[in-house]
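Only one structure is covered here, and it is reproduced in the block below.
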Amino acid sequence: MNQKKFLALTVTTVVVLAAGVWISMHRSSKQSDLGGTAMFADLKPALGEVSEVRFAKGDGSRTTLRKSADGWTVVERQYPADASRVRELVLNLASLKVVERKTQDPANYARLGVEAPDSPTAGSTLVEVIADKKTWSLIVGKGADGKAIYVRKPDETVSLLAAPFITVDPDQKRWIDRLLVDVPGANVHDVSVKLANSPAYVLMRAARGAQDLSVSPVPKGRKAATSMSLGSQTEALAAFHFDDVRTAPSAAPGASDTATYRMFDGQVIEFTGHREGDKTFVTVATRRDPALAAKFPEAPPPPAPPSTPAAPATAPAATPGADQIAEKLGARAKGMEFEIPAYKYEAIFRKPEELLEKPAESVKN
């Protein structure tokens, strides 16, 4: 290789290396001009005024979460929303920061799920947050390792990787508050059940704090099951979550089951249930039984030790009924029908035979 060729090769190598360095620095500068910046810098100061959140997909799925004086509501279901989940989403959107730039070629949007949500096959979801007269909009795409998410503002071409990861699901039932009621089994005085095709029965606890339960009537020659077995029915209202909710149909089902739970503090919750194929539904009504509450007054708190200074006078301690479970549940459940898990339905509407010991086998001669 002569000196001229060597010099030419050296110059070419230097040019290529310089070009590579320039491209690398250019890319780094393009990413650094957004990396770490807030997606919506002015959303966090407006969090207190957020009144609505909307989700929309190209397949027609829609969910509207609206805030009122009574809290958040899933508008399409006319039912309270899970406020903690709404709050988490809004806070995460306000905290969303850019990790790096991604494609700005529309032909590549679908790979990240940030294409316009205007066709049934689009994988993107449009999220809108409204506060006063301001709206923040974001097209949300696929997740990245559960830690970040691909996003794009509708009026911009560049797509971005942003963190933290956020969940935006336009399925309305994902946003409803699915806790129906939470009553400990020890609070239940009695359960009266009448199934469509079985005799009625009553399950009862004699006094507050009693462990034993009785069932009546008990057929001649049979024995009631153990209190441990009977207790599962009184525990059915603890952490009672439903699957979905809908407006109750105007016409009552042909055959239905009823179960009435009465609490020691006088709260009464009545369930009317029926089956539709493999799904189970209930409607709920509530009331108060003052006579029952008077019969089983709550025990007063123990007196303070003599050495303890007298506490200043305060309002009486709250009783179990003071939180108005029956009233709140009644207002929330009015005109609605709840789809509940089959196992929960069977726990509430137990068959009479399940409350009895198995009959002794006949002695063979």
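Please note that chains go A, B, ... in the order of the structure tokens, that every chain numbers its residues from 1, and that ligands are numbered from 1 in the order shown.
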
Near-region 48-59 of chain A list (7 Å; only C-alpha atoms; drop same-chain fewer than 6 positions) as a PyMOL selection string:
chain A and resi 65-67+117-122+124-132+170

Restricting the output to N, CA and C atoms, write the selected residues as a PDB file, in the first residue's frame.
```pdb
ATOM      1  N   LEU A  65     -65.570   8.422  34.092  1.00  0.00           N
ATOM      2  CA  LEU A  65     -65.523   8.519  35.549  1.00  0.00           C
ATOM      3  C   LEU A  65     -65.748   9.979  35.909  1.00  0.00           C
ATOM      4  N   ARG A  66     -66.786  10.233  36.709  1.00  0.00           N
ATOM      5  CA  ARG A  66     -67.148  11.622  37.008  1.00  0.00           C
ATOM      6  C   ARG A  66     -67.221  11.838  38.520  1.00  0.00           C
ATOM      7  N   LYS A  67     -66.676  12.962  38.949  1.00  0.00           N
ATOM      8  CA  LYS A  67     -66.651  13.279  40.373  1.00  0.00           C
ATOM      9  C   LYS A  67     -67.780  14.238  40.722  1.00  0.00           C
ATOM     10  N   PRO A 117     -56.671   5.897  18.069  1.00  0.00           N
ATOM     11  CA  PRO A 117     -57.717   4.949  18.473  1.00  0.00           C
ATOM     12  C   PRO A 117     -59.019   5.185  17.719  1.00  0.00           C
ATOM     13  N   ASP A 118     -58.948   5.079  16.398  1.00  0.00           N
ATOM     14  CA  ASP A 118     -60.130   5.372  15.585  1.00  0.00           C
ATOM     15  C   ASP A 118     -60.555   4.204  14.709  1.00  0.00           C
ATOM     16  N   SER A 119     -60.034   3.008  14.986  1.00  0.00           N
ATOM     17  CA  SER A 119     -60.455   1.832  14.215  1.00  0.00           C
ATOM     18  C   SER A 119     -60.626   0.659  15.170  1.00  0.00           C
ATOM     19  N   PRO A 120     -61.501  -0.294  14.826  1.00  0.00           N
ATOM     20  CA  PRO A 120     -61.761  -1.428  15.732  1.00  0.00           C
ATOM     21  C   PRO A 120     -60.523  -2.256  16.044  1.00  0.00           C
ATOM     22  N   THR A 121     -59.522  -2.225  15.177  1.00  0.00           N
ATOM     23  CA  THR A 121     -58.332  -3.047  15.397  1.00  0.00           C
ATOM     24  C   THR A 121     -57.223  -2.314  16.148  1.00  0.00           C
ATOM     25  N   ALA A 122     -57.407  -1.042  16.419  1.00  0.00           N
ATOM     26  CA  ALA A 122     -56.369  -0.268  17.108  1.00  0.00           C
ATOM     27  C   ALA A 122     -56.176  -0.788  18.531  1.00  0.00           C
ATOM     28  N   SER A 124     -54.602   0.925  20.875  1.00  0.00           N
ATOM     29  CA  SER A 124     -54.393   2.071  21.761  1.00  0.00           C
ATOM     30  C   SER A 124     -55.655   2.442  22.525  1.00  0.00           C
ATOM     31  N   THR A 125     -55.456   3.217  23.585  1.00  0.00           N
ATOM     32  CA  THR A 125     -56.559   3.758  24.378  1.00  0.00           C
ATOM     33  C   THR A 125     -56.341   5.250  24.567  1.00  0.00           C
ATOM     34  N   LEU A 126     -57.359   6.035  24.277  1.00  0.00           N
ATOM     35  CA  LEU A 126     -57.291   7.477  24.506  1.00  0.00           C
ATOM     36  C   LEU A 126     -57.759   7.770  25.925  1.00  0.00           C
ATOM     37  N   VAL A 127     -56.933   8.481  26.682  1.00  0.00           N
ATOM     38  CA  VAL A 127     -57.269   8.884  28.049  1.00  0.00           C
ATOM     39  C   VAL A 127     -57.371  10.402  28.086  1.00  0.00           C
ATOM     40  N   GLU A 128     -58.450  10.901  28.677  1.00  0.00           N
ATOM     41  CA  GLU A 128     -58.641  12.340  28.827  1.00  0.00           C
ATOM     42  C   GLU A 128     -58.931  12.661  30.292  1.00  0.00           C
ATOM     43  N   VAL A 129     -58.220  13.635  30.828  1.00  0.00           N
ATOM     44  CA  VAL A 129     -58.424  14.094  32.205  1.00  0.00           C
ATOM     45  C   VAL A 129     -58.911  15.535  32.135  1.00  0.00           C
ATOM     46  N   ILE A 130     -60.041  15.805  32.795  1.00  0.00           N
ATOM     47  CA  ILE A 130     -60.653  17.135  32.711  1.00  0.00           C
ATOM     48  C   ILE A 130     -60.653  17.791  34.081  1.00  0.00           C
ATOM     49  N   ALA A 131     -60.197  19.020  34.135  1.00  0.00           N
ATOM     50  CA  ALA A 131     -60.250  19.832  35.345  1.00  0.00           C
ATOM     51  C   ALA A 131     -60.627  21.245  34.941  1.00  0.00           C
ATOM     52  N   ASP A 132     -61.773  21.696  35.438  1.00  0.00           N
ATOM     53  CA  ASP A 132     -62.294  23.013  35.067  1.00  0.00           C
ATOM     54  C   ASP A 132     -62.438  23.072  33.545  1.00  0.00           C
ATOM     55  N   PRO A 170     -60.691   0.464  29.391  1.00  0.00           N
ATOM     56  CA  PRO A 170     -62.017   1.047  29.183  1.00  0.00           C
ATOM     57  C   PRO A 170     -63.174   0.116  29.534  1.00  0.00           C
TER      58      PRO A 170
END
```

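The list of residues with at least one atom within 10 Å of Arg77 (chain A), based on only C-alpha atoms and without residues fewer than 3 positions apart in the same chain, reads Thr63, Thr64, Thr73, Val74, Pro80, Ala81, Gln172, Lys173, Trp175, Ile176, Asp244, Val245, Arg246, Thr247 and Met336 of chain A.
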
When distances are computed from only C-alpha atoms, which of A:Pro164, A:Pro217, A:Gly209, A:Pro303 shows the smallest separation from Ile149 (chain A)?
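Nearest candidate to Ile149 (chain A) out of A:Pro164, A:Pro217, A:Gly209, A:Pro303: A:Pro164.
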
Quick one: DSSP strand (DSSP E) residues in region 47-164 of chain A, as JSON, numbers by chain?
{"A": [50, 51, 52, 53, 54, 55, 56, 62, 63, 64, 65, 66, 67, 68, 71, 72, 73, 74, 79, 80, 97, 98, 99, 100, 101, 125, 126, 127, 128, 129, 130, 131, 134, 135, 136, 137, 138, 139, 140, 141, 142, 143, 144, 148, 149, 150, 151, 152, 160, 161, 162, 163]}

Output N, CA and C atoms for every residue in the selection just made, as a short mmCIF file (atom, residue, chain, number, x, y, z; two decimals), in the first residue's frame.
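For reference, selection14.cif as written:
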```cif
data_model
loop_
_atom_site.label_atom_id
_atom_site.label_comp_id
_atom_site.auth_asym_id
_atom_site.auth_seq_id
_atom_site.Cartn_x
_atom_site.Cartn_y
_atom_site.Cartn_z
N VAL A 50 -59.67 18.10 39.35
CA VAL A 50 -60.02 17.07 38.37
C VAL A 50 -61.43 16.58 38.65
N SER A 51 -62.28 16.63 37.63
CA SER A 51 -63.69 16.26 37.81
C SER A 51 -64.14 15.13 36.90
N GLU A 52 -63.31 14.76 35.93
CA GLU A 52 -63.73 13.71 35.01
C GLU A 52 -62.52 13.05 34.36
N VAL A 53 -62.62 11.74 34.16
CA VAL A 53 -61.61 10.96 33.44
C VAL A 53 -62.35 10.10 32.42
N ARG A 54 -61.86 10.11 31.18
CA ARG A 54 -62.53 9.35 30.12
C ARG A 54 -61.55 8.40 29.45
N PHE A 55 -62.06 7.22 29.06
CA PHE A 55 -61.30 6.26 28.28
C PHE A 55 -62.08 5.93 27.02
N ALA A 56 -61.37 5.75 25.92
CA ALA A 56 -62.04 5.40 24.66
C ALA A 56 -61.10 4.55 23.80
N ARG A 62 -66.11 2.50 25.91
CA ARG A 62 -66.09 3.82 26.54
C ARG A 62 -66.31 3.69 28.04
N THR A 63 -65.60 4.49 28.81
CA THR A 63 -65.84 4.58 30.25
C THR A 63 -65.65 6.04 30.66
N THR A 64 -66.60 6.56 31.43
CA THR A 64 -66.52 7.92 31.94
C THR A 64 -66.58 7.88 33.45
N LEU A 65 -65.57 8.42 34.09
CA LEU A 65 -65.52 8.52 35.55
C LEU A 65 -65.75 9.98 35.91
N ARG A 66 -66.79 10.23 36.71
CA ARG A 66 -67.15 11.62 37.01
C ARG A 66 -67.22 11.84 38.52
N LYS A 67 -66.68 12.96 38.95
CA LYS A 67 -66.65 13.28 40.37
C LYS A 67 -67.78 14.24 40.72
N SER A 68 -68.44 13.95 41.85
CA SER A 68 -69.48 14.83 42.36
C SER A 68 -69.27 14.99 43.86
N GLY A 71 -68.73 11.69 45.55
CA GLY A 71 -67.60 10.85 45.16
C GLY A 71 -67.60 10.54 43.67
N TRP A 72 -66.78 9.58 43.28
CA TRP A 72 -66.63 9.21 41.87
C TRP A 72 -67.69 8.20 41.44
N THR A 73 -68.14 8.34 40.18
CA THR A 73 -69.17 7.47 39.63
C THR A 73 -68.75 6.98 38.25
N VAL A 74 -69.07 5.71 37.94
CA VAL A 74 -68.94 5.21 36.58
C VAL A 74 -70.24 5.58 35.88
N TYR A 79 -73.19 3.89 38.81
CA TYR A 79 -72.80 3.22 40.05
C TYR A 79 -71.48 3.79 40.54
N PRO A 80 -71.27 3.83 41.85
CA PRO A 80 -70.02 4.40 42.39
C PRO A 80 -68.77 3.72 41.84
N LYS A 97 -43.38 10.68 33.58
CA LYS A 97 -42.20 11.35 33.04
C LYS A 97 -41.64 10.59 31.84
N VAL A 98 -41.07 11.34 30.92
CA VAL A 98 -40.51 10.77 29.70
C VAL A 98 -39.21 10.04 30.04
N VAL A 99 -39.09 8.81 29.53
CA VAL A 99 -37.83 8.06 29.64
C VAL A 99 -36.97 8.32 28.41
N GLU A 100 -37.60 8.18 27.24
CA GLU A 100 -36.87 8.45 26.00
C GLU A 100 -37.84 8.58 24.84
N ARG A 101 -37.36 9.21 23.77
CA ARG A 101 -38.13 9.30 22.53
C ARG A 101 -38.17 7.94 21.85
N THR A 125 -55.46 3.22 23.59
CA THR A 125 -56.56 3.76 24.38
C THR A 125 -56.34 5.25 24.57
N LEU A 126 -57.36 6.03 24.28
CA LEU A 126 -57.29 7.48 24.51
C LEU A 126 -57.76 7.77 25.93
N VAL A 127 -56.93 8.48 26.68
CA VAL A 127 -57.27 8.88 28.05
C VAL A 127 -57.37 10.40 28.09
N GLU A 128 -58.45 10.90 28.68
CA GLU A 128 -58.64 12.34 28.83
C GLU A 128 -58.93 12.66 30.29
N VAL A 129 -58.22 13.64 30.83
CA VAL A 129 -58.42 14.09 32.20
C VAL A 129 -58.91 15.54 32.13
N ILE A 130 -60.04 15.81 32.79
CA ILE A 130 -60.65 17.14 32.71
C ILE A 130 -60.65 17.79 34.08
N ALA A 131 -60.20 19.02 34.13
CA ALA A 131 -60.25 19.83 35.35
C ALA A 131 -60.63 21.24 34.94
N LYS A 134 -59.80 22.81 31.39
CA LYS A 134 -58.58 22.26 30.80
C LYS A 134 -58.74 20.76 30.61
N THR A 135 -58.24 20.22 29.47
CA THR A 135 -58.27 18.80 29.20
C THR A 135 -56.86 18.33 28.83
N TRP A 136 -56.41 17.26 29.48
CA TRP A 136 -55.13 16.64 29.16
C TRP A 136 -55.43 15.32 28.46
N SER A 137 -54.87 15.13 27.27
CA SER A 137 -55.17 13.94 26.47
C SER A 137 -53.89 13.16 26.19
N LEU A 138 -54.03 11.83 26.19
CA LEU A 138 -52.87 10.97 25.97
C LEU A 138 -53.33 9.67 25.32
N ILE A 139 -52.60 9.26 24.28
CA ILE A 139 -52.82 7.94 23.68
C ILE A 139 -51.87 6.97 24.38
N VAL A 140 -52.44 5.95 25.01
CA VAL A 140 -51.65 5.00 25.79
C VAL A 140 -51.57 3.68 25.04
N GLY A 141 -50.35 3.16 24.93
CA GLY A 141 -50.13 1.94 24.18
C GLY A 141 -49.69 0.78 25.05
N LYS A 142 -48.71 0.02 24.55
CA LYS A 142 -48.27 -1.20 25.21
C LYS A 142 -47.35 -0.87 26.38
N GLY A 143 -47.31 -1.81 27.33
CA GLY A 143 -46.41 -1.68 28.46
C GLY A 143 -45.02 -2.17 28.10
N ALA A 144 -44.05 -1.73 28.89
CA ALA A 144 -42.66 -2.14 28.70
C ALA A 144 -42.15 -2.74 30.00
N ALA A 148 -42.83 0.68 32.58
CA ALA A 148 -43.03 1.89 31.78
C ALA A 148 -44.10 1.60 30.73
N ILE A 149 -44.46 2.63 29.98
CA ILE A 149 -45.56 2.52 29.02
C ILE A 149 -45.24 3.37 27.80
N TYR A 150 -45.66 2.91 26.62
CA TYR A 150 -45.50 3.69 25.40
C TYR A 150 -46.70 4.61 25.26
N VAL A 151 -46.44 5.88 24.98
CA VAL A 151 -47.51 6.87 24.91
C VAL A 151 -47.24 7.85 23.76
N ARG A 152 -48.27 8.59 23.43
CA ARG A 152 -48.13 9.66 22.43
C ARG A 152 -49.25 10.66 22.65
N LEU A 160 -43.34 8.17 22.79
CA LEU A 160 -42.43 8.23 23.92
C LEU A 160 -42.55 6.99 24.80
N LEU A 161 -41.47 6.66 25.46
CA LEU A 161 -41.50 5.69 26.55
C LEU A 161 -41.56 6.50 27.83
N ALA A 162 -42.55 6.23 28.68
CA ALA A 162 -42.74 7.02 29.89
C ALA A 162 -42.93 6.12 31.10
N ALA A 163 -42.67 6.64 32.25
CA ALA A 163 -42.82 5.91 33.51
C ALA A 163 -43.43 6.85 34.55
#
```

When you look at Pro219 (chain A) with a cut-off of 12 Å (counting only C-alpha atoms), what residues show up, excluding the ones that are within fewer than 5 positions of it in the same chain? I need them as an MDAnalysis selection string.
chainID A and resid 199 201 224 352:353 355:357 359

Name the residues of region 182-321 of chain A that fall into helix (DSSP H, G or I) according to DSSP on the backbone, using the chain letters and numbers of this document, as a ChimeraX atom specification.
/A:185-187,227-237,290-295,320-321

Could you give me, as a PDB file with N, CA and C atoms, in the first residue's frame, the residues within 8 Å of Gln104 (chain A), counting only C-alpha atoms and dropping anything in the same chain fewer than 5 positions from it?
```
ATOM      1  N   TYR A 109     -46.296   3.134  14.539  1.00  0.00           N
ATOM      2  CA  TYR A 109     -47.040   3.364  15.768  1.00  0.00           C
ATOM      3  C   TYR A 109     -47.654   2.077  16.328  1.00  0.00           C
ATOM      4  N   THR A 157     -46.417  13.966  16.773  1.00  0.00           N
ATOM      5  CA  THR A 157     -46.030  12.784  15.997  1.00  0.00           C
ATOM      6  C   THR A 157     -45.073  11.881  16.754  1.00  0.00           C
ATOM      7  N   VAL A 158     -44.273  12.447  17.643  1.00  0.00           N
ATOM      8  CA  VAL A 158     -43.277  11.640  18.336  1.00  0.00           C
ATOM      9  C   VAL A 158     -43.946  10.794  19.417  1.00  0.00           C
ATOM     10  N   SER A 159     -43.574   9.514  19.466  1.00  0.00           N
ATOM     11  CA  SER A 159     -44.036   8.633  20.528  1.00  0.00           C
ATOM     12  C   SER A 159     -42.943   8.560  21.587  1.00  0.00           C
TER      13      SER A 159
END
```

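We find CA of Pro297 (chain A) and CA of Met228 (chain A) to be spaced 25.5 Å apart.
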